[in-house]
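A.B. asks: So that we are looking at the same thing, I have put the structure below in C-alpha cells.
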2 protein chains.
Amino acid sequence: MDEPAFPARSDLRFNPSNRLRRSPLFDRLESAGCSAWSIYNRTLIPQWFEGLEADCAHLRRAVQLWDVGGERVVEVAGPDALRLVQMATPRYLGELAPDRCAYIPAVDAEGGMLNDPVLTRIGENRYWLALADGDLGQFLKGLAAGARLNVRVFEPDVWILAIQGPRSGELAGRIWSDAPALGFFRWMHVPLLGRRMVLARTGFSATRGYELYVEGSADLPEIWDRLMEAGQDLDVRAGCPNLIERIEAGLLSYGNDMTVEHTPFEAGLGAFCQLDFVTEAVCHAALVNRQEPVRQIRPVEVSGEKVPPVATLWDVTDREGRPVGKLSSAAWSPERKTNVGIAMIAREHWAPGTRLVVHAPDGERAMSVRERFWSRS
Amino acid sequence: MDEPAFPARSDLRFNPSNRLRRSPLFDRLESAGCSAWSIYNRTLIPQWFEGLEADCAHLRRAVQLWDVGGERVVEVAGPDALRLVQMATPRYLGELAPDRCAYIPAVDAEGGMLNDPVLTRIGENRYWLALADGDLGQFLKGLAAGARLNVRVFEPDVWILAIQGPRSGELAGRIWSDAPALGFFRWMHVPLLGRRMVLARTGFSATRGYELYVEGSADLPEIWDRLMEAGQDLDVRAGCPNLIERIEAGLLSYGNDMTVEHTPFEAGLGAFCQLDFVTEAVCHAALVNRQEPVRQIRPVEVSGEKVPPVATLWDVTDREGRPVGKLSSAAWSPERKTNVGIAMIAREHWAPGTRLVVHAPDGERAMSVRERFWSRS
C-alpha cells in the first residue's frame with residue numbers, strides 16, 4: 001500500500017445497491033486485493049490493488065488483467081447503424097475497414113463532448129461502442145427516434161476484460177496464436193471455452209494491450225482464471241486503468257478531464273474531427289466555428305511533494321493570481337520524480353514552459369505547462 | 001445505528017473522484033451524522049443517518065431536510081420545449097396548468113422505461129425535469145437533434161432541497177406564509193436570501209412535503225441552516241429518501257424496481273399513460289400493443305427475520321420452484337412487523353394473497369403478494 005490515507009471525510013462507507021452493478025468478477029477482484037473502488041456507469045470498478053505507484057510499475061514491466069466491466073457496451077444494429085453513429089461523432093467513419101476499431105468523440109448539437117467511446121464495427125450494419133462514464137446509449141436512442149432511423153440501440157450483455165502491459169502479446173499469444181500479429185486498433189474473432197469472442201488491440205493504457213469482449217457473464221470467472229494461469233510465469237496480476245500511467249500517456253478520462261462543457265477541440269481531440277466530411281453529424285454546425293479553441297487540455301508538472309487526490313477541479317492562475325484554467329487530474333510519478341497532471345488552460349497561457357500556480361487543497365504550488373504528454377515524447 | 005453490519009465484502013473503501021460530485025451540503029450531511037452513502041447521477045447521496053428504521057420513524061412524526069442533489073435537473077427551453085418533452089413520455093401534457101408539476105415516465109421507442117422524472121413547467125416554453133438515476137438529458141438532446149427541434153437541453157446549476165414529513169407544512173409556513181396552502185404537485189415562486197426560488201409540493205415520500213429548487217450552489221449551506229433554525233422546535237433533522245417509507249408508499253426507484261427492460265405498464269404506471277392523446281410520443285407504437293402486461297410490480301411481504309440488504313435482484317419462484325419473478329427492494333418494517341418489499345411478478349401469480357418463495361442470499365423465505373402498497377391502503 002503506497003497510497004496515503006484519504007482525509008477521514010473521504011473514507012466513506014458505501015452502501016451497495018441493486019441499482020449499482022457488481023461485475024461477475026467481483027470476488028476475483030477482492031481476492032486479488034483490490035483496495036479501493038469507484039462507480040463508473042453504475043458499476044463498481046477497482047481503483048488500485050497494491051497501490052497506484054506499485055500497480056503502475058508492474059503494469060509497465062509485466063502484464064495485467066483488468067476487469068473493465070464499467071465500460072458498458074452499447075450496440076447499434078440495423079440498416080441505418082452507420083448513419084446513426086456518424087450523426088453522433090465528428091470523426092469521419094466512411095472508410096472504417098471491417099476489422100477496425102476507432103476512438104470517437106461523441107458530440108452534441110452544441111459542440112459539447114458527451115462521451116469518447118471506442119467503436120468497433122462488429123459486423124455488417126452492427127457496431128459496438130465501449131463507453132466512458134455516461135449514458136451515450138440514451139443519446140443514440142433519442143437521435144434514432146427523432147430522425148426515424150431504422151436501427152436498434154441497446155445494451156447487450158457484454159463484459160470487457162483487458163489484457164494490458166508489455167507482456168500482453170506473449171500472454172495473448174499463448175491462447176490465440178495469431179494475437180501477437182493483431183494490429184493496433186484492429187480486432188478479430190477468437191475462440192475460447194468453445195465460444196467465439198471479440199479480441200481487439202485496444203485498451204486504456206499506453207502499454208501494449210488487448211480487450212476481450214465476452215458475451216454473457218457466466219464464463220467470465222473461468223476466462224479470468226484461464227488467462228491468469230496462462231500468464232503465471234509472466235507475472236500476470238489483477239490491475240485496472242492506472243491514474244499515473246494514463247496521465248503520462250495523455251489518456252483523458254471523460255467526466256474528469258473533459259465534460260459536456262468542452263468541445264473536442266478544447267479536449268485536444270481535433271485529430272478525431274473531420275468536419276469537411278461529416279456534415280450529417282449533429283455537432284457539425286456548432287463545431288465549424290469552434291475549431292480554434294481559446295482553452296485546451298495540456299500536460300502539466302506540479303511541483304512539491306506528492307499531491308493529494310484530485311476530488312474536485314483545482315483552480316489554476318497565473319503568477320498574479322488571475323484565473324487561467326483548471327487542473328482535473330494529477331498524481332505523483334515515481335519515474336518522473338514530479339507530479340504529473342492534466343489541466344485545461346487558456347490560450348494565452350498554454351505555451352510550453354509557462355509557469356503558473358495551481359491551488360491545491362493543501363496550498364498553492366508552482367506548475368508548468370509541458371509540450372507533450374510523457375509516454376508520447 | 002439500527003443497521004446490521006453489511007457483509008465485510010460490501011463494506012467497500014470508496015475512492016472520491018472529480019468525476020463524481022459532492023454536493024455543496026456534503027459537510028452539513030457529515031456533521032448531521034450521515035452513516036452510509038451511495039452514488040446517484042454521479043453524485044454522492046446519503047443513505048441513512050441514525051439508521052433506516054430510526055430515520056423512518058422520525059420522518060413520519062416530524063420533519064426532515066433532505067439534500068437530494070442526486071436528482072439532477074435538466075432544463076428544456078425554447079419554442080419546441082413542450083413538443084420535445086411530449087415525445088419522450090406517454091403521459092399527456094397538453095393540459096398541464098402553469099403551476100403544475102407532473103410525474104412522467106420517460107419511455108424509449110421500444111417501450112422501455114428510461115427514467116421517471118418530475119416535470120415542472122417553470123415558464124412559458126421552459127421546463128425542468130428532476131431526474132431519477134440516469135442521463136435522460138442525453139435522450140432529450142438526441143431527440144431534439146434528430147427531429148431538428150428548436151429547443152435547448154442542458155443541465156442548469158440547480159440543486160434540490162427537500163422538506164419532508166408531517167410538520168413540513170408548518171416549517172415551510174414559517175418562512176413562506178402561503179406555503180401551507182400550496183396544493184399537491186403545484187409549485188410557486190418564493191423569496192429567500194433576497195432571491196427568487198421555486199417551491200413545489202413534491203417529494204420522494206408519502207408524507208407531506210416540499211422540494212425547493214435553488215439556482216446556484218453558493219447559498220445552499222445558508223439555506224440549509226435557515227431551515228434548520230426555523231424548525232428547531234419541530235424536531236427538524238437531516239434525512240434522505242427512506243427505503244422503508246418508500247416501499248410502503250409504493251414509490252418506485254428507477255434502476256432498482258424498474259429499468260429499460262420494463263414498460264410503464266409493467267412498472268404499474270399505466271395511470272400515467274394516455275396513449276390516445278400522445279401519438280407524437282416515440283413510445284406510442286411500441287406501447288399500444290403492450291398495455292396488458294404479463295408481469296407487473298407488486299407489493300409483497302417477506303416472512304422471517306429482518307432481510308439482508310437487496311444488493312442484486314432476488315429470484316422469486318412458486319412453491320414448486322418455477323421462476324415467476326424478481327424481488328427488487330425489501331426492508332424490515334418495525335410498524336408492520338414484517339419485511340415489506342417490491343417485486344415484479346408474472347400475471348398468473350400476482351393475485352393478492354398468492355404465496356410464493358423468494359430466494360434471499362441467506363436462504364429461502366415465504367413471500368405473499370399484497371393487494372396494495374401499505375401507505376396507500
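All residue names refer to the C-alpha cells as shown: chains lettered A, B, ... in order, residues numbered from 1 in each chain, ligands numbered from 1 in order.
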Please identify the helix (DSSP H, G or I) residues within stretch 52-290 of chain A (assignment by DSSP from backbone atoms) and present them as number ranges by chain.
C.D. replies: A: 52-61, 81-87, 136-146, 168-175, 179-181, 220-230, 232-234, 243-249, 270-272, 275-277, 284-288
A.B. asks: Pull out every residue of chain A that has at least one atom within 7 Å of chain B, counting only C-alpha atoms, and report them as a PyMOL selection string.
C.D. replies: chain A and resi 10-19+35-38+109+135-136+138-147+255-256+282+310-313
A.B. asks: Residues at most 9 Å from B:Gln291, counting only C-alpha atoms, excluding those fewer than 6 positions away in the same chain, as a list in words?
C.D. replies: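 Once the nearby chain positions are removed, what remains is Thr263, Pro264, Phe265, Glu266 and Gly270 of chain B.
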A.B. asks: Let's have the selection written as a compact mmCIF listing (two decimals), in the first residue's frame, with C-alpha atoms.
C.D. replies:
# COMPACT_ATOMS: atom_id res chain seq x y z
CA THR B 263 -42.66 -0.87 -19.88
CA PRO B 264 -44.52 1.69 -17.77
CA PHE B 265 -47.44 -0.77 -17.66
CA GLU B 266 -45.18 -3.42 -16.15
CA GLY B 270 -50.44 2.78 -16.54
A.B. asks: Please extract the residues of stretch 180-275 of chain A with a backbone DSSP assignment of strand (DSSP E or B) and present them as JSON, numbers by chain.
C.D. replies: {"A": [186, 187, 188, 189, 190, 191, 192, 195, 196, 197, 198, 199, 200, 209, 210, 211, 212, 213, 214, 215, 236, 237, 238, 239, 254, 258]}
A.B. asks: Could the residues in this selection be written to a file with C-alpha atoms, as a compact mmCIF listing (two decimals), in the first residue's frame?
C.D. replies:
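Writing done, so here's again-v9.txt:
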# COMPACT_ATOMS: atom_id res chain seq x y z
CA ARG A 186 -7.72 -3.92 -35.18
CA TRP A 187 -9.97 -6.71 -33.97
CA MET A 188 -10.62 -10.34 -34.75
CA HIS A 189 -12.82 -13.20 -33.65
CA VAL A 190 -11.10 -15.65 -31.30
CA PRO A 191 -12.28 -18.93 -29.76
CA LEU A 192 -12.37 -19.60 -26.02
CA ARG A 195 -17.32 -19.90 -27.97
CA ARG A 196 -16.44 -17.10 -30.34
CA MET A 197 -15.32 -13.82 -28.79
CA VAL A 198 -14.04 -10.47 -29.98
CA LEU A 199 -10.40 -9.59 -29.29
CA ALA A 200 -9.27 -6.02 -30.01
CA GLY A 209 -2.73 -4.31 -24.84
CA TYR A 210 -5.90 -6.11 -25.77
CA GLU A 211 -9.55 -6.02 -24.84
CA LEU A 212 -11.64 -9.17 -24.91
CA TYR A 213 -15.39 -8.67 -25.37
CA VAL A 214 -17.26 -11.53 -23.73
CA GLU A 215 -20.96 -12.13 -24.41
CA VAL A 236 0.41 -11.56 -14.57
CA ARG A 237 -1.63 -9.77 -11.90
CA ALA A 238 -5.03 -8.19 -11.48
CA GLY A 239 -4.98 -4.49 -12.32
CA TYR A 254 -14.41 11.65 -19.58
CA MET A 258 -13.47 16.92 -20.21
A.B. asks: Tell me, as JSON, numbers by chain, which residues lie within 7 Å of stretch 57-63 of chain B, counting only C-alpha atoms; anything in the same chain fewer than 2 positions away does not count.
C.D. replies: {"B": [53, 54, 55, 163, 164, 165, 166, 167, 168, 207, 234, 235, 236, 237]}
A.B. asks: Show which residues sit within 8 Å of B:Ser205, as an MDAnalysis selection string. Count only C-alpha atoms, and ignore same-chain residues fewer than 3 positions away.
C.D. replies: chainID B and resid 164 208:209 241:242 245:246 249 251
